[in-house]
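Only one structure is covered here, and it is reproduced in the block below.
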Amino acid sequence: MTLTIRPATRTDLPALIALYADDGLGKNRDGGAVDDAYLSAFEAIDRDPNHILAVGEEDGEIVATLLLSFLPGLSRHGAWRAQIEAMRVSSARRGQGLGRMMLDWAVAEAQSRNCRLVQLTSDRQRDDAHRFYERAGFTPSHLGFKKTLETE
């Protein structure tokens, strides 16, 4: 199996939206056509050098994705952090090592930018994902909080 990991392009958006919706939690939050909200978000990510929206592609099919963000900070003596968000692997392809390849790629990118920490969040309901991240060397060291904001 050969997985090519590359930055996403605008033409990848339908496949990415489908990956987000191909998920027990994501099916209620994402899906449908590429609209102005998806386009605006993609363009903001694409033009910011501190973000990489990556896709994992195999035989011309997008089978995985993640967003890797690089965050400066003063704590830990001015350490940069890498934040992994929205990591998804096609439900038909889970358990084949694709997620590990994506995660290893993200960690290597973080190291190449001299990040001293890689962090991610995972919904409490994703027990399989939690086991996966722990096997990959991540520890559940913090408790995260989120607040949904109303938009106009």
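Numbering starts fresh at 1 for the residues of each chain in the structure tokens, the chains themselves are lettered A, B, ... in the order given, and ligands are numbered from 1 as they appear.
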Can you build me a table of range 69-147 of chain A residues sitting at most 8 Å from range 7-20 of chain A, with the closest atom pair per residue and its distance in Å to one decimal, using only C-alpha atoms, sorted by chain and residue number, as a Markdown table?
| residue | atom | partner | partner_atom | distance |
| --- | --- | --- | --- | --- |
| A:Ala86 | CA | A:Tyr20 | CA | 7.7 |
| A:Arg88 | CA | A:Leu19 | CA | 6.5 |
| A:Val89 | CA | A:Leu19 | CA | 7.1 |
| A:Ser90 | CA | A:Leu19 | CA | 6.1 |
Written file, previous selection with C-alpha atoms, as a compact mmCIF listing (two decimals), in the first residue's frame:
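So the final result, stored in result05.txt, reads:
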# COMPACT_ATOMS: atom_id res chain seq x y z
CA ALA A 86 -9.97 16.77 12.25
CA ARG A 88 -10.17 11.20 9.58
CA VAL A 89 -9.65 7.91 7.76
CA SER A 90 -12.31 6.53 5.46
**Message:** Please return, as a PyMOL selection string, all residues of chain A that DSSP assigns to alpha helix (DSSP H) on the basis of the backbone.
**Reply:** chain A and resi 13-21+36-47+75-78+98-112+127-135
**Long-range neighbours of Glu85 in chain A as a list of chain:residue names, 12 Å cut-off, only C-alpha atoms, 5 positions minimum in chain** =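 What passes the distance filter is A:Tyr20, A:His51, A:Ile52, A:Leu53, A:Ala54, A:Thr65, A:Leu66, A:Leu67, A:Leu68, A:Ser69, A:Phe70, A:Met102, A:Leu103, A:Ala106, A:Val118, A:Gln119, A:Leu120, A:Thr121, A:Ser122, A:Asp123.
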Kindly save the residues from that selection, with N, CA, C and O atoms included, as an mmCIF file, in the first residue's frame.
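Saved result, result.cif, follows:
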data_model
loop_
_atom_site.group_PDB
_atom_site.id
_atom_site.type_symbol
_atom_site.label_atom_id
_atom_site.label_comp_id
_atom_site.auth_asym_id
_atom_site.auth_seq_id
_atom_site.Cartn_x
_atom_site.Cartn_y
_atom_site.Cartn_z
ATOM 1 N N TYR A 20 -15.325 13.889 6.459
ATOM 2 C CA TYR A 20 -15.806 14.403 7.742
ATOM 3 C C TYR A 20 -17.185 13.827 8.077
ATOM 4 O O TYR A 20 -17.485 13.550 9.238
ATOM 5 N N HIS A 51 -0.524 26.536 8.862
ATOM 6 C CA HIS A 51 -1.515 25.462 8.770
ATOM 7 C C HIS A 51 -1.243 24.628 7.522
ATOM 8 O O HIS A 51 -0.946 25.178 6.458
ATOM 9 N N ILE A 52 -1.385 23.325 7.680
ATOM 10 C CA ILE A 52 -1.335 22.407 6.542
ATOM 11 C C ILE A 52 -2.569 21.519 6.620
ATOM 12 O O ILE A 52 -2.730 20.749 7.573
ATOM 13 N N LEU A 53 -3.434 21.642 5.643
ATOM 14 C CA LEU A 53 -4.551 20.717 5.505
ATOM 15 C C LEU A 53 -4.039 19.605 4.603
ATOM 16 O O LEU A 53 -3.793 19.814 3.413
ATOM 17 N N ALA A 54 -3.793 18.455 5.191
ATOM 18 C CA ALA A 54 -3.156 17.352 4.468
ATOM 19 C C ALA A 54 -4.179 16.297 4.076
ATOM 20 O O ALA A 54 -5.149 16.056 4.807
ATOM 21 N N THR A 65 -7.334 12.391 6.038
ATOM 22 C CA THR A 65 -7.032 13.816 6.127
ATOM 23 C C THR A 65 -6.725 14.198 7.562
ATOM 24 O O THR A 65 -7.094 13.487 8.498
ATOM 25 N N LEU A 66 -6.047 15.310 7.725
ATOM 26 C CA LEU A 66 -5.857 15.950 9.021
ATOM 27 C C LEU A 66 -5.463 17.395 8.784
ATOM 28 O O LEU A 66 -4.976 17.753 7.717
ATOM 29 N N LEU A 67 -5.708 18.214 9.786
ATOM 30 C CA LEU A 67 -5.260 19.598 9.779
ATOM 31 C C LEU A 67 -4.141 19.710 10.803
ATOM 32 O O LEU A 67 -4.321 19.364 11.972
ATOM 33 N N LEU A 68 -2.971 20.182 10.345
ATOM 34 C CA LEU A 68 -1.818 20.365 11.212
ATOM 35 C C LEU A 68 -1.550 21.860 11.332
ATOM 36 O O LEU A 68 -1.328 22.535 10.323
ATOM 37 N N SER A 69 -1.606 22.358 12.554
ATOM 38 C CA SER A 69 -1.388 23.781 12.809
ATOM 39 C C SER A 69 -0.179 23.954 13.705
ATOM 40 O O SER A 69 0.068 23.150 14.612
ATOM 41 N N PHE A 70 0.569 25.017 13.469
ATOM 42 C CA PHE A 70 1.768 25.321 14.239
ATOM 43 C C PHE A 70 1.500 26.566 15.075
ATOM 44 O O PHE A 70 1.135 27.610 14.543
ATOM 45 N N MET A 102 -0.498 8.797 8.573
ATOM 46 C CA MET A 102 -0.833 10.219 8.648
ATOM 47 C C MET A 102 -0.257 10.838 9.927
ATOM 48 O O MET A 102 0.328 11.925 9.889
ATOM 49 N N LEU A 103 -0.416 10.145 11.033
ATOM 50 C CA LEU A 103 0.071 10.651 12.307
ATOM 51 C C LEU A 103 1.597 10.752 12.311
ATOM 52 O O LEU A 103 2.158 11.770 12.750
ATOM 53 N N ALA A 106 2.600 13.775 10.358
ATOM 54 C CA ALA A 106 2.370 15.016 11.096
ATOM 55 C C ALA A 106 3.452 15.238 12.152
ATOM 56 O O ALA A 106 3.952 16.356 12.320
ATOM 57 N N VAL A 118 3.574 17.945 20.333
ATOM 58 C CA VAL A 118 2.469 17.707 19.402
ATOM 59 C C VAL A 118 1.260 17.376 20.257
ATOM 60 O O VAL A 118 1.340 16.529 21.145
ATOM 61 N N GLN A 119 0.158 18.052 19.987
ATOM 62 C CA GLN A 119 -1.042 17.833 20.779
ATOM 63 C C GLN A 119 -2.236 17.644 19.861
ATOM 64 O O GLN A 119 -2.209 18.033 18.699
ATOM 65 N N LEU A 120 -3.259 17.019 20.415
ATOM 66 C CA LEU A 120 -4.501 16.830 19.679
ATOM 67 C C LEU A 120 -5.626 16.668 20.671
ATOM 68 O O LEU A 120 -5.392 16.424 21.847
ATOM 69 N N THR A 121 -6.829 16.845 20.187
ATOM 70 C CA THR A 121 -7.998 16.566 21.007
ATOM 71 C C THR A 121 -8.804 15.487 20.306
ATOM 72 O O THR A 121 -8.708 15.306 19.093
ATOM 73 N N SER A 122 -9.580 14.789 21.085
ATOM 74 C CA SER A 122 -10.428 13.733 20.548
ATOM 75 C C SER A 122 -11.703 13.691 21.381
ATOM 76 O O SER A 122 -11.638 13.727 22.617
ATOM 77 N N ASP A 123 -12.825 13.629 20.722
ATOM 78 C CA ASP A 123 -14.105 13.589 21.425
ATOM 79 C C ASP A 123 -14.123 12.412 22.398
ATOM 80 O O ASP A 123 -13.640 11.323 22.092
#
**Request:** Rank A:Leu71, A:Gly60, A:Ala129, A:Arg135 by their smallest atom-to-atom distance to Thr4 in chain A, using only C-alpha atoms, and report the top residue only.
**Result:**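 Using only C-alpha atoms, the shortest distance to Thr4 in chain A belongs to A:Gly60.
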**Message:** So that I can check the secondary structure, give me every residue of chain A assigned strand (DSSP E or B) by backbone DSSP, as number ranges by chain.
**Reply:** A: 4-7, 51-58, 61-71, 81-89, 117-120
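When only C-alpha atoms are used to compute distances to Glu61 in chain A, the closest of the residues A:Gly95, A:Leu3, A:Asp46, A:Val107 turns out to be A:Leu3.
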**Request:** Would you list the contacts of range 113-117 of chain A as an NGL selection string, taking every protein, DNA or RNA residue within 10 Å and counting only C-alpha atoms, but skipping same-chain residues closer than 5 positions in sequence?
**Result:** :A and (70-72 or 76 or 78-83 or 107-108)
Dump all heavy atoms for the selected residues as a short mmCIF file (atom, residue, chain, number, x, y, z; two decimals), in the first residue's frame?
data_model
loop_
_atom_site.label_atom_id
_atom_site.label_comp_id
_atom_site.auth_asym_id
_atom_site.auth_seq_id
_atom_site.Cartn_x
_atom_site.Cartn_y
_atom_site.Cartn_z
N PHE A 70 0.57 25.02 13.47
CA PHE A 70 1.77 25.32 14.24
C PHE A 70 1.50 26.57 15.07
O PHE A 70 1.14 27.61 14.54
CB PHE A 70 2.96 25.51 13.30
CG PHE A 70 3.20 24.31 12.44
CD1 PHE A 70 2.71 24.27 11.15
CD2 PHE A 70 3.86 23.20 12.95
CE1 PHE A 70 2.91 23.14 10.36
CE2 PHE A 70 4.06 22.08 12.17
CZ PHE A 70 3.58 22.04 10.87
N LEU A 71 1.65 26.42 16.40
CA LEU A 71 1.27 27.46 17.34
C LEU A 71 2.47 27.95 18.14
O LEU A 71 3.11 27.16 18.84
CB LEU A 71 0.22 26.90 18.32
CG LEU A 71 -0.97 26.17 17.70
CD1 LEU A 71 -1.76 25.45 18.76
CD2 LEU A 71 -1.83 27.15 16.94
N PRO A 72 2.77 29.25 18.07
CA PRO A 72 3.83 29.78 18.93
C PRO A 72 3.30 29.94 20.34
O PRO A 72 2.09 30.04 20.56
CB PRO A 72 4.13 31.14 18.29
CG PRO A 72 2.83 31.55 17.67
CD PRO A 72 2.16 30.27 17.23
N ARG A 76 6.77 26.80 28.26
CA ARG A 76 7.81 25.83 27.90
C ARG A 76 8.98 26.53 27.22
O ARG A 76 9.52 26.06 26.23
CB ARG A 76 7.27 24.71 27.03
CG ARG A 76 6.26 23.84 27.76
CD ARG A 76 5.75 22.72 26.87
NE ARG A 76 4.71 21.99 27.54
CZ ARG A 76 4.84 20.73 27.95
NH1 ARG A 76 5.95 20.08 27.74
NH2 ARG A 76 3.83 20.13 28.54
N GLY A 78 9.14 29.35 25.43
CA GLY A 78 8.92 29.83 24.06
C GLY A 78 8.76 28.72 23.03
O GLY A 78 9.02 28.93 21.85
N ALA A 79 8.28 27.58 23.47
CA ALA A 79 8.17 26.42 22.57
C ALA A 79 7.03 26.59 21.56
O ALA A 79 5.97 27.11 21.88
CB ALA A 79 7.94 25.15 23.38
N TRP A 80 7.28 26.12 20.36
CA TRP A 80 6.23 25.96 19.36
C TRP A 80 5.56 24.62 19.59
O TRP A 80 6.21 23.64 19.97
CB TRP A 80 6.81 26.01 17.95
CG TRP A 80 7.04 27.41 17.46
CD1 TRP A 80 8.04 28.26 17.85
CD2 TRP A 80 6.26 28.10 16.49
NE1 TRP A 80 7.91 29.44 17.18
CE2 TRP A 80 6.83 29.37 16.33
CE3 TRP A 80 5.13 27.78 15.74
CZ2 TRP A 80 6.32 30.32 15.45
CZ3 TRP A 80 4.63 28.71 14.87
CH2 TRP A 80 5.21 29.97 14.73
N ARG A 81 4.26 24.57 19.31
CA ARG A 81 3.48 23.33 19.40
C ARG A 81 2.87 23.04 18.04
O ARG A 81 2.57 23.96 17.28
CB ARG A 81 2.32 23.49 20.38
CG ARG A 81 2.71 23.76 21.78
CD ARG A 81 1.49 24.17 22.60
NE ARG A 81 1.92 24.59 23.91
CZ ARG A 81 1.64 23.92 25.03
NH1 ARG A 81 0.89 22.85 25.00
NH2 ARG A 81 2.09 24.35 26.19
N ALA A 82 2.67 21.79 17.78
CA ALA A 82 1.89 21.38 16.61
C ALA A 82 0.56 20.85 17.14
O ALA A 82 0.52 20.10 18.11
CB ALA A 82 2.61 20.31 15.82
N GLN A 83 -0.51 21.27 16.51
CA GLN A 83 -1.86 20.85 16.89
C GLN A 83 -2.46 20.06 15.74
O GLN A 83 -2.51 20.55 14.61
CB GLN A 83 -2.73 22.08 17.18
CG GLN A 83 -4.19 21.79 17.42
CD GLN A 83 -4.48 21.34 18.85
OE1 GLN A 83 -3.71 21.63 19.76
NE2 GLN A 83 -5.58 20.65 19.04
N VAL A 107 3.84 14.20 12.87
CA VAL A 107 4.89 14.31 13.88
C VAL A 107 6.22 14.69 13.22
O VAL A 107 6.95 15.55 13.72
CB VAL A 107 5.00 13.01 14.70
CG1 VAL A 107 6.25 13.01 15.57
CG2 VAL A 107 3.75 12.81 15.55
N ALA A 108 6.51 14.09 12.08
CA ALA A 108 7.75 14.43 11.37
C ALA A 108 7.74 15.89 10.90
O ALA A 108 8.76 16.59 10.98
CB ALA A 108 7.95 13.49 10.18
#
